[in-house]
$ cat protein10.cif   # mmCIF, C-alpha atoms and all ligand atoms
data_input
#
loop_
_atom_site.label_atom_id
_atom_site.label_comp_id
_atom_site.auth_asym_id
_atom_site.auth_seq_id
_atom_site.Cartn_x
_atom_site.Cartn_y
_atom_site.Cartn_z
CA MET A 1 56.49 84.57 -61.66
CA VAL A 2 57.80 81.58 -59.81
CA THR A 3 55.12 79.25 -58.54
CA LEU A 4 55.02 76.40 -56.12
CA ALA A 5 54.90 72.81 -57.36
CA ASP A 6 51.42 71.54 -58.19
CA GLU A 7 49.41 69.66 -55.61
CA SER A 8 51.30 66.44 -56.31
CA GLY A 9 53.99 67.71 -53.92
CA PRO A 10 57.79 67.64 -53.89
CA ALA A 11 58.17 63.97 -52.90
CA THR A 12 56.00 62.89 -55.84
CA CYS A 13 57.99 65.13 -58.18
CA ALA A 14 61.24 63.61 -56.92
CA ARG A 15 59.95 60.07 -57.42
CA HIS A 16 58.93 61.00 -60.97
CA THR A 17 62.45 62.30 -61.65
CA LEU A 18 63.91 59.06 -60.26
CA ARG A 19 61.68 57.00 -62.57
CA GLN A 20 62.97 59.04 -65.51
CA LEU A 21 66.57 58.41 -64.40
CA LYS A 22 65.91 54.69 -64.02
CA ALA A 23 64.35 54.55 -67.51
CA PHE A 24 67.38 56.36 -68.94
CA MET A 25 69.79 53.95 -67.23
CA ALA A 26 67.73 50.95 -68.33
CA ARG A 27 68.01 52.08 -71.95
CA GLN A 28 71.78 52.45 -71.58
CA LEU A 29 72.28 49.12 -69.83
CA ASP A 30 69.57 47.25 -71.71
CA ARG A 31 68.27 46.09 -68.32
CA ASN A 32 67.15 47.65 -65.06
CA PRO A 33 70.02 49.03 -62.97
CA SER A 34 70.79 47.15 -59.76
CA ARG A 35 70.44 48.96 -56.40
CA GLY A 36 74.22 49.31 -56.27
CA GLU A 37 74.24 50.89 -59.72
CA PHE A 38 71.32 53.21 -59.00
CA TYR A 39 72.58 54.53 -55.64
CA PRO A 40 74.09 56.96 -54.84
CA ILE A 41 71.85 58.87 -57.24
CA ASP A 42 73.80 60.21 -60.21
CA LEU A 43 72.75 63.86 -60.07
CA ARG A 44 74.84 64.95 -63.03
CA ARG A 45 73.05 62.37 -65.15
CA ILE A 46 69.67 63.71 -64.01
CA ILE A 47 70.70 67.26 -64.93
CA GLU A 48 72.29 66.41 -68.27
CA ASP A 49 70.31 63.44 -69.56
CA VAL A 50 66.89 63.84 -67.94
CA LEU A 51 66.48 67.62 -67.67
CA HIS A 52 68.90 68.55 -70.49
CA TRP A 53 70.37 71.27 -68.30
CA ARG A 54 74.03 71.81 -67.38
CA LEU A 55 75.88 71.41 -64.08
CA ASP A 56 78.89 73.67 -63.55
CA GLU A 57 81.14 73.33 -60.53
CA VAL A 58 82.96 76.48 -59.52
CA ALA A 59 85.16 77.31 -56.53
CA ALA A 60 82.80 80.03 -55.27
CA ILE A 61 79.62 81.73 -56.42
CA GLY A 62 79.57 84.71 -54.09
CA TRP A 63 78.08 85.88 -50.84
CA THR A 64 74.70 86.99 -49.60
CA PRO A 65 74.29 90.47 -48.06
CA ASP A 66 74.77 88.72 -44.68
CA LEU A 67 78.11 87.34 -45.94
CA GLU A 68 76.86 83.77 -46.06
CA PRO A 69 78.56 81.84 -48.86
CA ILE A 70 76.17 80.97 -51.69
CA LEU A 71 76.29 77.19 -52.10
CA GLY A 72 74.31 76.64 -55.27
CA ARG A 73 72.26 78.49 -57.83
CA CYS A 74 69.55 77.47 -60.25
CA GLU A 75 69.68 79.60 -63.43
CA TYR A 76 66.47 79.10 -65.38
CA SER A 77 67.48 81.32 -68.31
CA GLU A 78 70.71 79.44 -68.88
CA LYS A 79 69.25 76.05 -67.90
CA ARG A 80 72.22 75.71 -65.64
CA ILE A 81 72.87 74.67 -62.05
CA LEU A 82 75.93 76.13 -60.39
CA LEU A 83 77.64 74.43 -57.46
CA ALA A 84 80.18 76.15 -55.21
CA THR A 85 82.77 73.61 -54.09
CA ASP A 86 84.96 75.71 -51.76
CA PRO A 87 82.37 76.28 -49.01
CA MET A 88 81.46 72.56 -49.03
CA PRO A 89 84.36 70.15 -48.53
CA HIS A 90 82.06 67.13 -48.07
CA LYS A 91 80.50 65.43 -51.06
CA GLY A 92 77.34 64.68 -49.10
CA GLU A 93 76.60 68.35 -48.65
CA ARG A 94 77.42 69.08 -52.29
CA ALA A 95 74.99 66.37 -53.36
CA TYR A 96 72.28 67.86 -51.16
CA THR A 97 72.81 71.31 -52.65
CA VAL A 98 72.68 70.01 -56.24
CA ALA A 99 69.55 67.96 -55.46
CA HIS A 100 67.94 71.06 -53.89
CA GLU A 101 68.63 73.08 -57.07
CA ILE A 102 67.25 70.24 -59.22
CA GLY A 103 64.10 70.65 -57.12
CA HIS A 104 63.83 74.31 -58.16
CA ALA A 105 64.59 73.42 -61.78
CA THR A 106 61.87 70.76 -62.02
CA MET A 107 59.15 72.12 -59.73
CA HIS A 108 59.23 75.87 -59.84
CA LYS A 109 57.95 77.06 -63.14
CA TYR A 110 58.67 80.56 -64.29
CA THR A 111 57.72 82.94 -67.03
CA ASP A 112 60.36 84.66 -69.11
CA CYS A 113 59.43 88.13 -67.98
CA GLU A 114 60.29 87.49 -64.38
CA ILE A 115 63.16 85.07 -64.04
CA ALA A 116 64.15 84.46 -60.48
CA ASP A 117 67.27 82.40 -60.02
CA HIS A 118 67.39 80.44 -56.82
CA GLU A 119 70.35 80.46 -54.55
CA ARG A 120 70.98 78.12 -51.70
CA THR A 121 72.78 79.15 -48.54
CA ARG A 122 72.88 77.53 -45.16
CA ALA A 123 70.92 80.38 -43.60
CA LEU A 124 67.46 78.95 -44.12
CA ARG A 125 68.14 75.90 -42.02
CA ARG A 126 69.05 78.04 -39.07
CA ALA A 127 66.45 80.71 -39.57
CA GLU A 128 62.98 80.57 -38.10
CA ARG A 129 61.04 79.00 -40.90
CA ARG A 130 57.96 81.10 -41.52
CA ILE A 131 56.13 79.13 -44.17
CA THR A 132 53.75 82.01 -44.82
CA ASP A 133 56.64 83.68 -46.65
CA PRO A 134 56.37 82.40 -50.28
CA ALA A 135 60.14 82.45 -50.77
CA VAL A 136 60.60 80.27 -47.70
CA ALA A 137 57.87 77.91 -48.94
CA LEU A 138 59.84 77.41 -52.18
CA GLU A 139 62.98 76.60 -50.20
CA ILE A 140 61.14 74.09 -48.01
CA GLU A 141 59.77 72.41 -51.14
CA ALA A 142 63.22 72.22 -52.69
CA ASP A 143 64.57 70.68 -49.46
CA ALA A 144 61.79 68.08 -49.38
CA PHE A 145 62.49 67.28 -53.04
CA ALA A 146 66.23 66.91 -52.36
CA CYS A 147 65.59 64.60 -49.44
CA GLU A 148 63.35 62.24 -51.41
CA LEU A 149 65.60 62.39 -54.49
CA LEU A 150 68.75 61.37 -52.63
CA MET A 151 67.12 59.16 -49.99
CA PRO A 152 63.82 57.79 -51.33
CA GLU A 153 61.68 56.53 -48.48
CA GLU A 154 61.36 52.96 -49.69
CA ALA A 155 65.10 52.61 -50.40
CA VAL A 156 66.01 54.09 -46.99
CA ARG A 157 63.69 51.65 -45.20
CA LYS A 158 65.23 48.74 -47.11
CA GLN A 159 68.85 49.74 -46.47
CA PHE A 160 68.08 50.41 -42.82
CA GLU A 161 66.70 46.91 -42.42
CA LEU A 162 69.73 45.42 -44.21
CA VAL A 163 72.09 47.24 -41.84
CA PHE A 164 70.23 46.75 -38.56
CA GLY A 165 68.06 43.68 -39.13
CA HIS A 166 65.11 45.67 -37.76
CA LYS A 167 62.50 47.93 -39.32
CA ASN A 168 63.22 50.63 -36.72
CA VAL A 169 65.34 51.13 -33.63
CA TRP A 170 64.35 52.69 -30.31
CA ILE A 171 66.93 55.20 -29.06
CA ASN A 172 67.18 53.60 -25.63
CA SER A 173 67.47 50.00 -26.86
CA HIS A 174 70.66 47.94 -26.45
CA LEU A 175 71.15 48.07 -30.20
CA ALA A 176 70.99 51.87 -30.23
CA ARG A 177 73.52 52.03 -27.38
CA ASN A 178 75.86 49.64 -29.19
CA VAL A 179 75.64 51.71 -32.36
CA LEU A 180 76.31 54.89 -30.40
CA GLN A 181 79.21 53.26 -28.60
CA SER A 182 80.83 51.96 -31.78
CA HIS A 183 80.47 55.47 -33.21
CA THR A 184 82.02 57.33 -30.30
CA GLY A 185 84.53 54.55 -29.66
CA LYS A 186 84.23 54.59 -25.89
CA ARG A 187 81.78 53.63 -23.21
CA ARG A 188 79.82 56.67 -22.34
CA ALA A 189 79.45 57.75 -18.77
CA THR A 190 75.87 58.76 -19.54
CA SER A 191 74.88 55.34 -20.83
CA PHE A 192 71.95 55.11 -18.42
CA ALA A 193 70.63 58.55 -19.24
CA PRO A 194 68.03 58.83 -22.02
CA ALA A 195 69.84 58.94 -25.34
CA ASP A 196 69.75 61.97 -27.59
CA ALA A 197 67.70 61.04 -30.66
CA PHE A 198 69.74 63.08 -33.14
CA GLU A 199 73.01 61.70 -31.79
CA VAL A 200 71.74 58.13 -32.15
CA ALA A 201 70.44 58.85 -35.67
CA ARG A 202 73.80 60.34 -36.67
CA ALA A 203 75.64 57.27 -35.38
CA ALA A 204 73.14 54.97 -37.12
CA ALA A 205 73.66 56.83 -40.42
CA SER A 206 77.38 55.98 -40.37
CA TYR A 207 76.99 52.43 -39.04
CA ALA A 208 77.83 49.61 -41.46
CA GLY A 209 76.19 46.22 -41.01
CA GLU A 210 77.92 42.85 -41.38
CA ALA A 211 77.11 42.71 -45.08
CA ALA A 212 75.53 46.07 -45.81
CA SER A 213 77.04 49.50 -46.45
CA SER A 214 76.20 52.29 -44.06
CA LEU A 215 73.39 54.59 -45.11
CA ILE A 216 75.75 57.51 -45.76
CA THR A 217 77.94 55.34 -48.00
CA PHE A 218 75.01 53.78 -49.82
CA PHE A 219 73.22 57.08 -50.49
CA GLY A 220 76.30 59.35 -50.66
CA THR A 221 74.71 61.78 -48.22
CA SER A 222 75.97 63.71 -45.20
CA ALA A 223 75.57 62.26 -41.70
CA ALA A 224 73.41 65.22 -40.65
CA ALA A 225 70.98 65.01 -43.60
CA THR A 226 70.76 61.22 -43.25
CA ALA A 227 70.11 61.48 -39.52
CA ARG A 228 67.28 63.96 -40.12
CA ARG A 229 65.79 61.53 -42.65
CA LEU A 230 65.96 58.59 -40.20
CA LEU A 231 64.14 60.64 -37.56
CA GLU A 232 61.57 61.97 -40.03
CA LEU A 233 60.72 58.44 -41.20
CA GLY A 234 60.57 57.18 -37.63
CA LEU A 235 63.32 54.60 -38.22
CA ILE A 236 65.10 55.92 -35.15
CA TYR A 237 62.50 56.78 -32.53
ZN ZN B 1 66.65 77.04 -52.87
#

$ encode --input "protein10.cif" --output "structure tokens"
Amino acid sequence: MVTLADESGPATCARHTLRQLKAFMARQLDRNPSRGEFYPIDLRRIIEDVLHWRLDEVAAIGWTPDLEPILGRCEYSEKRILLATDPMPHKGERAYTVAHEIGHATMHKYTDCEIADHERTRALRRAERRITDPAVALEIEADAFACELLMPEEAVRKQFELVFGHKNVWINSHLARNVLQSHTGKRRATSFAPADAFEVARAAASYAGEAASSLITFFGTSAAATARRLLELGLIY
């Protein structure tokens, strides 16, 4: 049977995996990797050199009964993660899918008699998330793992401060409006209306500082996933 991660939780598991990656890179480099070398997180290296699994990219994996494209699959028996590239043109979304499957591979133990491969589709995000359903709970754990693996809290806080010169930004501040304006490229007629938090977070995710890369460039993540992370951590509020 497939079981949930132990009580340490998905974020702790992700941080453990990152420490293993850092140790591997330090052995290769004979020193600790710099931030620029460590990020974006090298997921293939985690799969091949930390987990000793395989990552195979294919054009398509298949479809669910609802005709949703399957984006990724974690195959325990083969120790293999499959990534479908055709349904995901953006590398940020591909990275998220691979990180999600790494979550299943590292957290969700199985016994040989009942091997359940995990597939990722977009459906779960849209669906009502009933966490009483064990299968949904596994998916939520894998998502939380992916988020921390690609965008570790401490590193996100640091990069955010490098870009904005503040620990957090209020959505109706002048700074938030400037960021939004530079993102949309025009003065918005609604500039005196309360700003939409997700829209500000999305703009902030793509915003590059004077001397710092934008969060999406630094972490190699999608604007949507990065925006959700900024809101979750209260960096945009
Ligand atoms: Zn999954």

$ atom_distance --input "protein10.cif" --atom1 "CA of Glu153 (chain A)" --atom2 "CA of Cys74 (chain A)"
25.3 Å

$ residues_around --input "protein10.cif" --residues "Ala223 (chain A)" --least-positions-apart "5" --cutoff "12 Å" --atoms "only C-alpha atoms" --output "JSON, numbers by chain"
{"A": [90, 91, 92, 93, 96, 183, 198, 199, 200, 201, 202, 203, 204, 205, 206, 207, 214, 215, 216, 217, 218, 228, 229, 230]}

$ closest_residue --input "protein10.cif" --among "A:Gly72, A:Gly220, A:Pro10, A:Pro152" --to "ligand ZN 1 (chain B)" --atoms "all atoms listed in the file"
A:Gly72

$ closest_residue --input "protein10.cif" --among "A:Ser173, A:Thr97, A:Gln181, A:Thr106" --to "ligand ZN 1 (chain B)" --atoms "only C-alpha atoms and all ligand atoms"
A:Thr97

$ atom_distance --input "protein10.cif" --atom1 "CA of Ile140 (chain A)" --atom2 "CA of Glu101 (chain A)"
11.8 Å

$ residues_near_ligand --input "protein10.cif" --ligand "ligand ZN 1 (chain B)" --cutoff "7 Å" --atoms "all atoms listed in the file" --output "NGL selection string"
:A and (100-101 or 104 or 118-120 or 138-139 or 142)

$ residues_near_point --input "protein10.cif" --point "(61.7, 64.8, -51.9)" --cutoff "9 Å" --atoms "all atoms listed in the file" --output "list in words"
Gly9, Pro10, Ala11, Thr12, Cys13, Ala14, Arg15, Gly103, Glu141, Ala142, Asp143, Ala144, Phe145, Ala146, Cys147, Glu148, Leu149, Leu150, Met151, Pro152 and Glu153 of chain A

$ atom_distance --input "protein10.cif" --atom1 "CA of Pro89 (chain A)" --atom2 "CA of Ala225 (chain A)"
15.2 Å
